[in-house]
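query-v5.csv (CSV, C-alpha atoms) appears below.
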```
chain,number,residue,atom,x,y,z
A,1,MET,CA,11.7,-2.6,28.0
A,2,LYS,CA,10.0,-0.2,25.5
A,3,ILE,CA,10.6,-2.7,22.7
A,4,LEU,CA,9.0,-5.5,24.6
A,5,ARG,CA,6.0,-3.4,25.4
A,6,LYS,CA,5.7,-2.3,21.8
A,7,SER,CA,6.0,-5.9,20.6
A,8,ALA,CA,3.3,-7.0,23.1
A,9,LEU,CA,1.0,-4.2,21.8
A,10,VAL,CA,1.6,-5.1,18.2
A,11,SER,CA,0.9,-8.8,19.0
A,12,ALA,CA,-2.3,-7.8,20.9
A,13,ALA,CA,-3.4,-5.6,18.0
A,14,ALA,CA,-2.8,-8.4,15.5
A,15,ALA,CA,-4.7,-10.9,17.7
A,16,LEU,CA,-7.7,-8.5,17.7
A,17,LEU,CA,-7.7,-8.4,13.9
A,18,LEU,CA,-7.9,-12.1,13.7
A,19,SER,CA,-11.3,-13.7,14.0
A,20,ALA,CA,-12.7,-17.1,15.0
A,21,CYS,CA,-12.5,-19.8,12.3
A,22,VAL,CA,-15.4,-21.1,10.2
A,23,SER,CA,-16.7,-24.6,10.6
A,24,SER,CA,-17.5,-26.9,7.7
A,25,GLU,CA,-21.2,-26.0,7.7
A,26,PRO,CA,-22.1,-22.8,5.8
A,27,ALA,CA,-24.0,-20.2,7.7
A,28,GLN,CA,-27.2,-18.7,6.3
A,29,TYR,CA,-26.8,-15.2,4.9
A,30,GLN,CA,-29.2,-12.9,3.2
A,31,SER,CA,-27.3,-10.8,0.8
A,32,THR,CA,-28.0,-7.1,0.4
A,33,SER,CA,-27.1,-7.2,-3.2
A,34,ASN,CA,-27.7,-9.6,-6.2
A,35,SER,CA,-24.2,-11.1,-5.8
A,36,ARG,CA,-25.6,-14.2,-3.8
A,37,GLN,CA,-26.2,-15.9,-7.2
A,38,ALA,CA,-22.6,-15.4,-8.3
A,39,SER,CA,-21.2,-18.4,-9.9
A,40,ASN,CA,-18.2,-20.3,-8.5
A,41,GLY,CA,-15.1,-18.1,-9.0
A,42,ASP,CA,-16.8,-14.8,-8.7
A,43,LEU,CA,-15.4,-14.1,-5.2
A,44,HIS,CA,-13.9,-10.8,-6.3
A,45,GLN,CA,-17.1,-9.5,-7.7
A,46,SER,CA,-19.2,-10.7,-4.8
A,47,LEU,CA,-16.8,-9.2,-2.2
A,48,ASN,CA,-16.8,-5.8,-3.8
A,49,ALA,CA,-20.6,-5.9,-4.4
A,50,GLU,CA,-21.2,-6.6,-0.7
A,51,ARG,CA,-18.8,-3.8,0.2
A,52,ALA,CA,-20.5,-1.4,-2.2
A,53,ALA,CA,-23.9,-2.3,-0.8
A,54,ARG,CA,-22.6,-1.0,2.5
A,55,GLY,CA,-21.1,2.2,1.2
A,56,LEU,CA,-17.5,0.8,1.4
A,57,GLY,CA,-14.8,1.2,-1.2
A,58,SER,CA,-13.7,-1.8,-3.3
A,59,VAL,CA,-10.7,-4.0,-2.6
A,60,ARG,CA,-8.4,-5.1,-5.3
A,61,ALA,CA,-6.9,-8.5,-5.8
A,62,ASP,CA,-3.2,-8.5,-4.7
A,63,ALA,CA,-0.8,-11.2,-5.9
A,64,THR,CA,1.5,-10.8,-2.9
A,65,LEU,CA,-1.4,-11.3,-0.5
A,66,ALA,CA,-2.7,-14.3,-2.6
A,67,ARG,CA,0.8,-15.9,-2.3
A,68,ALA,CA,0.7,-15.4,1.5
A,69,ALA,CA,-2.8,-16.9,1.7
A,70,ALA,CA,-1.9,-19.9,-0.6
A,71,ALA,CA,1.2,-20.6,1.4
A,72,HIS,CA,-0.7,-20.7,4.7
A,73,ALA,CA,-3.4,-22.9,3.2
A,74,ARG,CA,-0.8,-25.3,2.0
A,75,ASP,CA,1.1,-25.2,5.3
A,76,MET,CA,-2.0,-26.0,7.3
A,77,ALA,CA,-3.0,-28.9,5.0
A,78,GLN,CA,0.4,-30.4,4.9
A,79,LYS,CA,1.1,-30.1,8.6
A,80,ASN,CA,-2.5,-30.9,9.6
A,81,TYR,CA,-3.4,-27.9,11.8
A,82,PHE,CA,-5.9,-25.1,11.6
A,83,SER,CA,-4.9,-21.8,13.1
A,84,HIS,CA,-3.9,-18.3,12.3
A,85,TYR,CA,-0.6,-19.1,14.0
A,86,GLU,CA,1.9,-21.5,12.5
A,87,PRO,CA,3.4,-24.2,14.7
A,88,ASP,CA,6.7,-22.4,14.5
A,89,GLY,CA,5.1,-19.1,15.5
A,90,GLY,CA,4.4,-17.5,12.1
A,91,THR,CA,1.5,-15.0,12.0
A,92,PRO,CA,-0.5,-13.4,9.2
A,93,VAL,CA,1.8,-10.3,9.3
A,94,THR,CA,5.0,-12.5,9.0
A,95,ARG,CA,3.5,-14.4,6.1
A,96,VAL,CA,2.7,-11.2,4.2
A,97,ASN,CA,6.2,-10.0,4.9
A,98,GLU,CA,7.7,-13.3,3.8
A,99,ALA,CA,5.7,-13.1,0.6
A,100,GLY,CA,7.2,-9.7,-0.2
A,101,GLY,CA,4.4,-7.6,1.1
A,102,CYS,CA,4.7,-4.1,2.6
A,103,ARG,CA,3.9,-2.9,6.1
A,104,ALA,CA,0.2,-2.5,6.4
A,105,SER,CA,-2.9,-3.4,8.6
A,106,VAL,CA,-3.6,-7.1,8.0
A,107,SER,CA,-6.4,-9.5,8.9
A,108,GLU,CA,-7.0,-13.1,7.9
A,109,ASN,CA,-9.9,-15.4,7.5
A,110,ILE,CA,-9.5,-19.2,7.4
A,111,ALA,CA,-11.8,-22.1,6.7
A,112,MET,CA,-11.3,-25.8,6.2
A,113,LYS,CA,-13.1,-28.8,4.7
A,114,TRP,CA,-14.7,-26.9,1.9
A,115,ASN,CA,-14.6,-27.4,-1.9
A,116,ASP,CA,-15.9,-24.1,-3.2
A,117,ASP,CA,-14.6,-20.6,-2.7
A,118,MET,CA,-18.1,-19.0,-2.9
A,119,LYS,CA,-19.5,-21.3,-0.2
A,120,VAL,CA,-16.6,-20.2,2.0
A,121,PHE,CA,-17.2,-16.6,1.1
A,122,TRP,CA,-20.9,-16.8,2.1
A,123,ALA,CA,-20.1,-18.7,5.3
A,124,TRP,CA,-17.6,-15.9,6.2
A,125,MET,CA,-20.3,-13.3,5.4
A,126,GLY,CA,-22.5,-15.0,8.0
A,127,SER,CA,-19.8,-15.0,10.7
A,128,PRO,CA,-19.5,-11.7,12.6
A,129,GLY,CA,-15.7,-11.8,12.9
A,130,HIS,CA,-15.1,-12.8,9.3
A,131,TYR,CA,-17.7,-10.3,8.1
A,132,LYS,CA,-16.0,-7.6,10.0
A,133,ASN,CA,-12.6,-8.4,8.4
A,134,MET,CA,-14.1,-8.4,4.8
A,135,MET,CA,-16.0,-5.2,5.4
A,136,GLY,CA,-13.2,-3.4,7.1
A,137,LYS,CA,-13.0,0.2,6.0
A,138,LYS,CA,-9.2,0.3,6.1
A,139,TYR,CA,-8.7,-2.6,3.8
A,140,THR,CA,-8.0,-1.9,0.1
A,141,ARG,CA,-6.4,-5.2,-1.0
A,142,TYR,CA,-7.0,-8.9,-0.6
A,143,GLY,CA,-5.6,-12.3,-1.6
A,144,MET,CA,-7.3,-15.7,-1.5
A,145,GLY,CA,-5.6,-19.0,-1.4
A,146,GLU,CA,-6.8,-22.6,-1.3
A,147,TYR,CA,-5.1,-26.0,-0.8
A,148,GLY,CA,-6.7,-29.3,-0.1
A,149,GLY,CA,-9.9,-27.8,1.3
A,150,TYR,CA,-8.2,-25.2,3.4
A,151,TYR,CA,-9.1,-21.6,2.4
A,152,VAL,CA,-7.3,-18.4,3.5
A,153,MET,CA,-8.2,-14.8,2.7
A,154,VAL,CA,-5.7,-12.1,3.7
A,155,LEU,CA,-7.0,-8.5,3.7
A,156,ALA,CA,-4.6,-5.5,4.0
A,157,GLY,CA,-4.7,-1.8,4.0
A,158,PRO,CA,-2.5,0.6,2.0
A,159,CYS,CA,1.3,0.3,2.5
A,160,VAL,CA,2.6,2.5,5.3
```

Mind turning the file's structure into structure tokens?
Amino acid sequence: MKILRKSALVSAAAALLLSACVSSEPAQYQSTSNSRQASNGDLHQSLNAERAARGLGSVRADATLARAAAAHARDMAQKNYFSHYEPDGGTPVTRVNEAGGCRASVSENIAMKWNDDMKVFWAWMGSPGHYKNMMGKKYTRYGMGEYGGYYVMVLAGPCV
């Protein structure tokens, strides 16, 4: 019984970390730094500039998280769905584990029907749930993946 309760609590906590998904129209966002003019591909610089402008520590790119993000983007595109949860029940945490990641706090942002990572980034900055994930104080690492217009960003804290 304790295991089931603990599992339910973990599932509920994971659900709270996940946010609503972004539509294909970018939200307007006024940057607090000069990173708004960042060229395509400067997601890392822009993410950390926005975090720094808010007094937050930087996040480093993590290859394991990028593999998990890319795998989920590919899976959604190939199986024609759009969700944090895979049709077979996979979650952001299980994807990070399957990619070889460690146990950590994890959140995920997803978007579809885009063709530019910076447009996706700025749309996420304009979305309260996605913004909260990217500006999360506990996150120290991130990975970004794209496949066929599906974008996934996985953020994680230190390994525990």

Discussion item. Rounded to one decimal, what separation in Å do you get between CA of Asp75 (chain A) and CA of Trp122 (chain A)?
Written reply: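 We find that CA of Asp75 (chain A) and CA of Trp122 (chain A) lie 23.8 Å from each other.
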
Worksheet item: Contacts of Ala66 (chain A) at 9 Å or less, counting all atoms listed in the file, minus same-chain residues fewer than 6 places along, as a ChimeraX atom specification?
Response: /A:142-145,152-154

Discussion item. Would you compute the distance between CA of Asp117 (chain A) and CA of Ser83 (chain A)? Give it in Å to one decimal.
Written reply: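 Rounded to one decimal, the two atoms are 18.6 Å apart.
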
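With CA of Gly100 (chain A) on one side and CA of Glu146 (chain A) on the other, the separation reads 19.1 Å.
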
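Restricting the calculation to only C-alpha atoms, the smallest distance between Gly101 (chain A) and any of A:Asn80, A:Thr64, A:Ser127, A:Asn48 is found for A:Thr64.
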
Discussion item. Counting only C-alpha atoms, which residues sit no farther than 12 Å from the position (3.6, -18.2, 9.0) in the file's frame? I'd like them as a ChimeraX atom specification.
Written reply: /A:67-76,83-99,108

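Nearest to Val120 (chain A) of all the residues A:Thr140, A:Tyr150, A:Leu56, A:Met135 is A:Tyr150, based on all atoms listed in the file.
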
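For the choices A:Arg60, A:Arg141, A:Leu155, A:Met134, the atom-to-atom distance to Ser107 (chain A) is smallest for A:Leu155 when using all atoms listed in the file.
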